[in-house]
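**Student:** One structure coming up, written as structure tokens, with questions to follow.
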Amino acid sequence: MMTADTSSLPAHFEPEAIEPKLVERWLETGVGRADVTSSRPKFSLIMPPPNVTGQLHIGHALDMTLQDVVVRHKRQRGFDVLWLPGTDHASIATHFVVERELAKTGETRFTLGRDAFLARADAWRDQTAGAIQAQLRRLGCTPDWSRERFTLDPVISRAVKRVFVSLHRDGLIHRGTRLVNWDPKFRTAVSDLEVETREVDGHLWYIRYPLADEPGRHVVVATTRPETLFGDQAVAVNAADPRYRDLVGRHLALPLTGRTIPVIADDHADPEQGTGAVKITPAHDFNDHAVGLRHGLVPLDVMTPDGRMNDLVPEPFRGLDRFDARARAVEALEALGAIEKIEPKVIAQPFGDRSGVVIEPRITDQWFLKTEGMAAAAAEAVRRGDTRFVPANWSNVFFRWMDNIEPWCISRQLWYGHQIPAWYGEDGEIFVAETAEEAAAAARHHYGRDVTLTRDPDILDTWFSSALWPFATLGWPDETPDLARYYPQDLLVTGFDIIFFWVARMMMQSIAFETVPPFRDIYIHGLVRDASGQKMSKTKGNVIDPLDLIAQYGTDATRMTMMTLCGHGQDIRMSADSVRPARLFANKLWNAARFAAFNCCFDAPTPLPASPRNAIDAWIVAELAGVARQTLASLDDYRFSDAATGLQAFVRDTFCDWYVEFSKISMNGSDAAAAAETRAVVGWCLKTILQLLNPFMPFVTEALWDGCGTGEAITAAQLPDFAALPARAEAAAAVEGAIALVSRIRSVRSELKVPPGRPVPLLVSAPSTAAKALLDGFGPHIRRLANLSSIEEAGAPPEGAVRLAVDGTDYLLPLADVVDFAKERQRLEKELKKNDNDRAGIARRLADPAFIDKANPEVIETNRSRLAAAEVERERLLAALALI
């Protein structure tokens, strides 16, 4: 039990002193462990697997905190919860790290060889393994660590092979030649998610292509990539463009090459854009590739895998890096007189997010998965309501992607990952099998003899194995108890940026192999942006490190801030300073618990009365019950900000600022029974508050709960039945009347600069019956909280009294001896004049079209906020002047 000397609670809340101990406790006691044999209702979700070599960033912190809040809430509600954790091998990220280390000694993965490179990658993984998990524990996350998975675990590898072979057998996986995003540094195809588009300064070169059969006439095309000219297979014009109508079907001499290419008519050429004529390079541009398919053009790849010009270009350019070839080509074109003009142009250029080099569209042989039918099934599951997006508008984004899906390039020319289970015979025949032995048997059957097979060196896109995460982690293809109980999952929490890359693919693969969609609900959260709404990036220098926030303010404050800012379907604007209020809130909660301990509220023998007789006690119990119902309902509907802000406001403003102050008077009064009741209510309220806050702020609440001496863990304690607690409307009305009067008196004292420590009298003129009841029931409370020297009835208002009208009764504050009214009026009028000038200046700025057109959106929004604040300040000044 806590004692009156508060020995079980230090004077100050120090997160760094309690957090590590509680993390160890949760690990030792298995707080997050699910029980597959439990008879309780289940609630399951899977952790989006962070990179095994990754670091916790602010987006991770938001994502993981949201999940931890949900699972702690569900455990409180009596569910058997499985939150399954794991990490992703992240092929390209791991390659980046390992190859960067190799480069320090002048080595590459190619000089090292596949086996040695994989050994290095495994060693790196072993070296860094546990870093991200330790950071998640520091964040307070409580998944079932005993079930942790890694995307290269044998159980996952087995599932990947089974799925690949099955899809290939069904004709959905095939090998073909298509255009892909190509990273010349890593020499592999990459997904759109691994491409970062940046605006860079470039040029637009206008090049003359002469007509092959009409010397002196030419067509001008504009390009930002002159080095791709060597792969041109046509020039496209619009059939409706009168400038080029007579040229369709004729041929142009392709400069520098000695080749001729046709002029074709295609709607891709826009007469309103550039010259209206477009060079078509099917092997090096996605739009051009589509045009080439429509017109039967043969793609001509003029680059090597590492971004150099190959042997299909003229000899002077062979072996040159693509950008050196660009400069050399421009020089040669200028020498020919083929450059009409050069214009500066800002270009949206794709970069590899890991390699940092410019991504090159390149035509290659790859493995593809036909997804049209799988996508239709996934979309239908959402339309049917089997899976719900929260917020609901994200389902439209999902449908748009599913309805326009293209075959998925699932192969990567990397080494660290799931090697494609395909083997080639000497004549190129492909044998797809789960094992080399099965492939050899298939080859023997095909050839009638034993043959030497060569395994495909490529690996599968990381998203391929991640797509199996909902069921492969539970032991599929075996019918395990975990799979039977926890699939499908009840919830997936993730960001909108991977709805297509991960969410959609999990939906497709899970329905294909488990017949039902993998999730009941998919909660999509926004991005964490900086305070001005800018996307965070290292180049901008506006990145917030959650570990820095935790070190400065504590984990609870960091978590609570993210939850209060996490509006439904909205991005989060966050800065380090935005965490400070949550830290102050934690301190306030700590001090309230120390107050309760000092007054023996946790060891009071009196239990919570079914219906407290003291109106203030009845009021706070009913208020807390109402807030609790709202909090739990908001969490059930994934309205995290509503839950967090409502609960925090109640604890800070209603419980701490009002009820704790009210309770001091009750507990120090002469009525022993009333004092005992108040102690019991204070203790019950604080314990209940700790339970409700625990999902958001697990460390401070558990530390305080331990001090309550209840004998059971906060994670195991059952929540009260809030629906059974009476509303007590009459008590609420009475207490709220007292609060309204005290608030009004405090406001007047503040506006008129009455010294905070100076008691003043309160006079009541012709009090109503309700006012008399209010003062009879709460007179001592009102006197103490408003710092009044007395409360008396008055006849005629004395000179220099400030009149307050509250609920139909006039209250008077005689302040002539305290406030110099003439001086105060002068001060307020001066402030009002300044306010008028400021408002007028901001309003003029916002009304200026030139300002609106040129200013950054953040600057405009700041000015609007300043104008709104000035309007509020004006109303305050006018109200203060009206008092005197």
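In the structure tokens, chains take the letters A, B, ... in the order shown, each chain's residues start at 1, and ligands count up from 1 in the order shown.
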What lies within 7 Å of region 506-509 of chain A using only C-alpha atoms, ignoring chain neighbours under 5 positions off, as a PyMOL selection string?
**Tutor:** chain A and resi 374-375+378+467-468+517-518
**Student:** Give me, as a PyMOL selection string, all polymer residues having an atom no more than 9 Å from Ser466 (chain A), counting only C-alpha atoms and skipping those fewer than 4 positions away in the same chain.
**Tutor:** chain A and resi 48-49+88+151+462+470+502+505-506
**Student:** I need the residue nearest Leu9 (chain A) from this list: A:Leu247, A:Ala392, A:Ala129, A:Ala596. Use only C-alpha atoms for the distance.
**Tutor:** A:Ala596
**Student:** Mind pulling up the distance from CA of Trp367 (chain A) to CA of Leu118 (chain A)?
**Tutor:** 22.2 Å
**Student:** Of the candidates A:Ala850, A:Leu293, A:Leu22, A:Leu813, which shows the shortest atom-to-atom distance to Ser790 (chain A), using only C-alpha atoms?
**Tutor:**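 Smallest distance to Ser790 (chain A) is found for A:Leu813.
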**Student:** Mind dumping a table of every region 641-707 of chain A residue within 8 Å of region 551-562 of chain A, with the nearest atom pair and its distance in Å to one decimal, using only C-alpha atoms, sorted by chain and rising number, as CSV?
**Tutor:**
residue,atom,partner,partner_atom,distance
A:Ala644,CA,A:Met560,CA,7.2
A:Phe696,CA,A:Met560,CA,5.7
A:Met697,CA,A:Asp556,CA,4.5
A:Pro698,CA,A:Asp556,CA,6.7
A:Phe699,CA,A:Asp556,CA,6.4
A:Val700,CA,A:Asp556,CA,7.0
**Student:** Residues within 8 Å of Ala121 (chain A), please, as number ranges by chain. Count only C-alpha atoms; anything in the same chain fewer than 2 positions from it doesn't count.
**Tutor:** A: 94-95, 98, 117-119, 123-125, 416
**Student:** Which is closest to Leu82 (chain A) among A:Trp423, A:Tyr487, A:Phe585, A:Tyr244, if we use only C-alpha atoms?
**Tutor:**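 That would be A:Tyr487, the residue with the smallest distance to Leu82 (chain A).
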**Student:** Contacts of region 634-639 of chain A at 7 Å or less, counting only C-alpha atoms, minus same-chain residues fewer than 4 places along, as a count of residues only?
**Tutor:** 3
**Student:** Write out as a PyMOL selection string each polymer residue whose atoms come within 8 Å of region 803-806 of chain A, counting only C-alpha atoms; drop sequence neighbours fewer than 2 positions from it.
**Tutor:** chain A and resi 740-741+744+801+808-813+883
